[in-house]
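Following: one structure in structure tokens, then a few remarks.
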Amino acid sequence: MRRSVLAATLLFTSALAGAEPVDLTLPTTDGSTLSLSSLRGRWVVVNVWATWCSPCIKELPELAAFHAEHKSKDATVVGVAYENTTAGMLSKFIEPYKLGYPVMMAGTTPLPGFPKMKGVPTTFILNPKGELVRTYTGPVTAAGVELLIDDLREPAKPAAAIHDTPARPAT
């Protein structure tokens, strides 16, 4: 059931297995600079959004809830504002949402190391090694991101072999 809900609500696409770690270093709304490589060892949910995008705004509380639940565990959210704006204007815009996670400012140039986006919002999931393991275009929910990462944490289970099926006794 859990996997079918995930499949029905979040149609994520897989990135290539064994990919190189990605990194992105950008200024944040608080005036500092953040590098995704500094977050290695944690799952990182990179959410690319814009203030003019209503589906993006709708998912902000969901991402804030996910971050609040996981920041002291093994996952974090990083927002990436994909528009030309100032740190002051963006800080004022996000203040009522009390995101609790950093927001980087990318302007409107392509993000180095990431695949071309089809639009916003776009969410990239990086594993603890920094490898891009999933990309999703469209709004996400806290529950959906949690289910996805839970599924990615689980090692692949081998399919049962035919000979593992008990034989019928001869009559």
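Ordering of the structure tokens sets the chain letters (A, B, ...); residue numbers start at 1 within each chain; ligands are numbered from 1 in the order shown.
Close contacts of Val44 (chain A), defined as residues with an atom at most 8 Å away when counting only C-alpha atoms, with chain neighbours fewer than 6 positions off set aside, comprise Ala75, Thr76, Val77, Val78, Ile125, Leu126, Asn127, Pro128 and Gly130 of chain A.
Residue nearest Pro55 (chain A), chosen from A:Thr135, A:Thr33, A:Thr122, A:Thr108 and counting only C-alpha atoms: A:Thr122.
Every protein, DNA or RNA residue with an atom at most 9 Å from Ala68 (chain A), where only C-alpha atoms count and chain neighbours fewer than 4 positions away do not, is listed here: A:Leu63, A:Ala64, A:Ser72, A:Thr76, A:Leu99, A:Gly100, A:Tyr101.
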Shell around Ile57 (chain A) at 12 Å using only C-alpha atoms, local window under 4 positions removed, as a list in words: Asn47, Val48, Trp49, Ala50, Thr51, Trp52, Cys53, Pro61, Glu62, Leu63, Ala64, Gly79, Ala81, Phe93, Ile94, Pro96, Tyr97, Leu99, Val120, Pro121, Gly138, Pro139, Val140 and Thr141 of chain A
Produce a file of the selected residues containing N, CA and C atoms, as a PDB file, in the first residue's frame.
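Okay, part-v9.pdb is ready:
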```pdb
ATOM      1  N   ASN A  47      14.992  21.866  -3.273  1.00  0.00           N
ATOM      2  CA  ASN A  47      13.735  22.302  -3.871  1.00  0.00           C
ATOM      3  C   ASN A  47      13.933  23.629  -4.597  1.00  0.00           C
ATOM      4  N   VAL A  48      13.769  23.595  -5.923  1.00  0.00           N
ATOM      5  CA  VAL A  48      13.932  24.792  -6.748  1.00  0.00           C
ATOM      6  C   VAL A  48      12.543  25.393  -6.973  1.00  0.00           C
ATOM      7  N   TRP A  49      12.400  26.662  -6.652  1.00  0.00           N
ATOM      8  CA  TRP A  49      11.091  27.299  -6.669  1.00  0.00           C
ATOM      9  C   TRP A  49      11.218  28.787  -7.002  1.00  0.00           C
ATOM     10  N   ALA A  50      10.080  29.462  -7.099  1.00  0.00           N
ATOM     11  CA  ALA A  50      10.057  30.905  -7.346  1.00  0.00           C
ATOM     12  C   ALA A  50       8.867  31.527  -6.623  1.00  0.00           C
ATOM     13  N   THR A  51       8.986  32.798  -6.264  1.00  0.00           N
ATOM     14  CA  THR A  51       7.919  33.472  -5.519  1.00  0.00           C
ATOM     15  C   THR A  51       6.659  33.668  -6.356  1.00  0.00           C
ATOM     16  N   TRP A  52       6.784  33.695  -7.680  1.00  0.00           N
ATOM     17  CA  TRP A  52       5.634  33.913  -8.560  1.00  0.00           C
ATOM     18  C   TRP A  52       4.900  32.611  -8.893  1.00  0.00           C
ATOM     19  N   CYS A  53       5.381  31.498  -8.395  1.00  0.00           N
ATOM     20  CA  CYS A  53       4.846  30.171  -8.725  1.00  0.00           C
ATOM     21  C   CYS A  53       3.922  29.686  -7.613  1.00  0.00           C
ATOM     22  N   PRO A  61       5.042  25.038   3.135  1.00  0.00           N
ATOM     23  CA  PRO A  61       4.763  24.486   4.465  1.00  0.00           C
ATOM     24  C   PRO A  61       5.042  22.975   4.552  1.00  0.00           C
ATOM     25  N   GLU A  62       4.834  22.255   3.463  1.00  0.00           N
ATOM     26  CA  GLU A  62       5.125  20.817   3.442  1.00  0.00           C
ATOM     27  C   GLU A  62       6.620  20.573   3.614  1.00  0.00           C
ATOM     28  N   LEU A  63       7.426  21.329   2.887  1.00  0.00           N
ATOM     29  CA  LEU A  63       8.877  21.181   2.981  1.00  0.00           C
ATOM     30  C   LEU A  63       9.386  21.624   4.351  1.00  0.00           C
ATOM     31  N   ALA A  64       8.780  22.672   4.904  1.00  0.00           N
ATOM     32  CA  ALA A  64       9.154  23.121   6.249  1.00  0.00           C
ATOM     33  C   ALA A  64       8.844  22.036   7.282  1.00  0.00           C
ATOM     34  N   GLY A  79      16.260  25.148  -0.012  1.00  0.00           N
ATOM     35  CA  GLY A  79      15.504  25.817  -1.061  1.00  0.00           C
ATOM     36  C   GLY A  79      16.449  26.522  -2.013  1.00  0.00           C
ATOM     37  N   ALA A  81      15.946  29.549  -4.761  1.00  0.00           N
ATOM     38  CA  ALA A  81      15.076  30.518  -5.427  1.00  0.00           C
ATOM     39  C   ALA A  81      15.585  30.710  -6.852  1.00  0.00           C
ATOM     40  N   PHE A  93       9.784  37.886   1.796  1.00  0.00           N
ATOM     41  CA  PHE A  93       8.743  37.030   1.233  1.00  0.00           C
ATOM     42  C   PHE A  93       8.598  35.732   2.033  1.00  0.00           C
ATOM     43  N   ILE A  94       9.720  35.098   2.395  1.00  0.00           N
ATOM     44  CA  ILE A  94       9.636  33.788   3.059  1.00  0.00           C
ATOM     45  C   ILE A  94       9.421  33.880   4.573  1.00  0.00           C
ATOM     46  N   PRO A  96       7.022  34.901   6.614  1.00  0.00           N
ATOM     47  CA  PRO A  96       5.787  34.361   7.198  1.00  0.00           C
ATOM     48  C   PRO A  96       5.702  32.830   7.173  1.00  0.00           C
ATOM     49  N   TYR A  97       6.485  32.198   6.302  1.00  0.00           N
ATOM     50  CA  TYR A  97       6.424  30.737   6.177  1.00  0.00           C
ATOM     51  C   TYR A  97       7.287  30.020   7.209  1.00  0.00           C
ATOM     52  N   LEU A  99      10.318  28.858   7.344  1.00  0.00           N
ATOM     53  CA  LEU A  99      10.813  27.643   6.712  1.00  0.00           C
ATOM     54  C   LEU A  99      11.773  26.847   7.594  1.00  0.00           C
ATOM     55  N   VAL A 120       9.323  24.885 -12.629  1.00  0.00           N
ATOM     56  CA  VAL A 120       9.333  24.918 -11.166  1.00  0.00           C
ATOM     57  C   VAL A 120       7.927  24.661 -10.656  1.00  0.00           C
ATOM     58  N   PRO A 121       7.800  24.042  -9.507  1.00  0.00           N
ATOM     59  CA  PRO A 121       8.876  23.569  -8.654  1.00  0.00           C
ATOM     60  C   PRO A 121       9.507  22.281  -9.190  1.00  0.00           C
ATOM     61  N   GLY A 138       7.091  19.338 -10.146  1.00  0.00           N
ATOM     62  CA  GLY A 138       5.740  19.513  -9.608  1.00  0.00           C
ATOM     63  C   GLY A 138       5.807  19.608  -8.097  1.00  0.00           C
ATOM     64  N   PRO A 139       4.701  19.994  -7.470  1.00  0.00           N
ATOM     65  CA  PRO A 139       4.709  20.154  -6.008  1.00  0.00           C
ATOM     66  C   PRO A 139       4.850  18.814  -5.287  1.00  0.00           C
ATOM     67  N   VAL A 140       5.507  18.853  -4.127  1.00  0.00           N
ATOM     68  CA  VAL A 140       5.695  17.667  -3.300  1.00  0.00           C
ATOM     69  C   VAL A 140       5.026  17.875  -1.946  1.00  0.00           C
ATOM     70  N   THR A 141       4.864  16.773  -1.224  1.00  0.00           N
ATOM     71  CA  THR A 141       4.336  16.834   0.140  1.00  0.00           C
ATOM     72  C   THR A 141       5.384  16.258   1.086  1.00  0.00           C
TER      73      THR A 141
END
```
Residue nearest Leu132 (chain A) - candidates A:Leu147, A:Val46, A:Ala65, A:Leu34, atoms counted: only C-alpha atoms: A:Val46
Exercise: region 116-118 of chain A partners within 8 Å, only C-alpha atoms, chain neighbours under 5 positions left out, as a VMD selection string: chain A and resid 110 to 111 137
Dump C-alpha atoms for the selected residues as a CSV table (one decimal), in the first residue's frame?
```csv
chain,number,residue,atom,x,y,z
A,110,PRO,CA,20.9,26.6,-15.1
A,111,LEU,CA,22.1,24.9,-12.0
A,137,THR,CA,8.9,18.2,-11.3
```
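In this structure, CA of Pro115 (chain A) sits 14.4 Å away from CA of Tyr82 (chain A).
Considering only C-alpha atoms, the residue among A:Tyr136, A:Glu83, A:Thr109, A:Phe124 positioned nearest to Trp43 (chain A) is A:Phe124.
Nearest residue to Ser35 (chain A) among A:Ala87, A:Glu146, A:Pro102, A:Val133 is A:Pro102, counting only C-alpha atoms.
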Sel. of strand (DSSP E) residues, region 39-135 of chain A, as a ChimeraX atom specification: /A:43-49,75-81,103-105,122-126,132-135
Write the residues of the selection above to a file with C-alpha atoms, as a PDB file, in the first residue's frame.
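Generated output (selection18.pdb):
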```pdb
ATOM      1  CA  TRP A  43      19.813  13.078   2.564  1.00  0.00           C
ATOM      2  CA  VAL A  44      19.337  16.477   0.922  1.00  0.00           C
ATOM      3  CA  VAL A  45      16.063  17.637  -0.589  1.00  0.00           C
ATOM      4  CA  VAL A  46      16.925  20.448  -3.005  1.00  0.00           C
ATOM      5  CA  ASN A  47      13.735  22.302  -3.871  1.00  0.00           C
ATOM      6  CA  VAL A  48      13.932  24.792  -6.748  1.00  0.00           C
ATOM      7  CA  TRP A  49      11.091  27.299  -6.669  1.00  0.00           C
ATOM      8  CA  ALA A  75      17.822  14.678   6.125  1.00  0.00           C
ATOM      9  CA  THR A  76      17.637  18.364   5.364  1.00  0.00           C
ATOM     10  CA  VAL A  77      15.867  20.653   2.923  1.00  0.00           C
ATOM     11  CA  VAL A  78      17.594  23.377   0.923  1.00  0.00           C
ATOM     12  CA  GLY A  79      15.504  25.817  -1.061  1.00  0.00           C
ATOM     13  CA  VAL A  80      16.819  27.343  -4.275  1.00  0.00           C
ATOM     14  CA  ALA A  81      15.076  30.518  -5.427  1.00  0.00           C
ATOM     15  CA  VAL A 103      17.284  29.263   0.826  1.00  0.00           C
ATOM     16  CA  MET A 104      19.941  29.744  -1.834  1.00  0.00           C
ATOM     17  CA  MET A 105      19.622  32.343  -4.578  1.00  0.00           C
ATOM     18  CA  THR A 122      11.519  20.912  -9.225  1.00  0.00           C
ATOM     19  CA  THR A 123      12.832  18.791  -6.374  1.00  0.00           C
ATOM     20  CA  PHE A 124      16.121  16.911  -6.478  1.00  0.00           C
ATOM     21  CA  ILE A 125      16.946  14.219  -3.921  1.00  0.00           C
ATOM     22  CA  LEU A 126      20.619  13.702  -3.093  1.00  0.00           C
ATOM     23  CA  LEU A 132      21.480  12.782  -7.403  1.00  0.00           C
ATOM     24  CA  VAL A 133      19.095   9.840  -7.021  1.00  0.00           C
ATOM     25  CA  ARG A 134      15.684  11.333  -7.902  1.00  0.00           C
ATOM     26  CA  THR A 135      14.212  14.321  -9.711  1.00  0.00           C
TER      27      THR A 135
END
```
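Using only C-alpha atoms, the shortest contact distance between Gly119 (chain A) and any of A:Pro21, A:Cys56, A:Asp30, A:Ala142 is found at A:Cys56.
Between CA of Thr25 (chain A) and CA of Ser37 (chain A) lies a distance of 8.4 Å.
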Atomic separation - CA of Leu26 (chain A) relative to CA of Gly88 (chain A), Å: 15.6 Å
Residue set, region 23-118 of chain A restricted to alpha helix (DSSP H), as a VMD selection string: chain A and resid 54 to 70 87 to 94
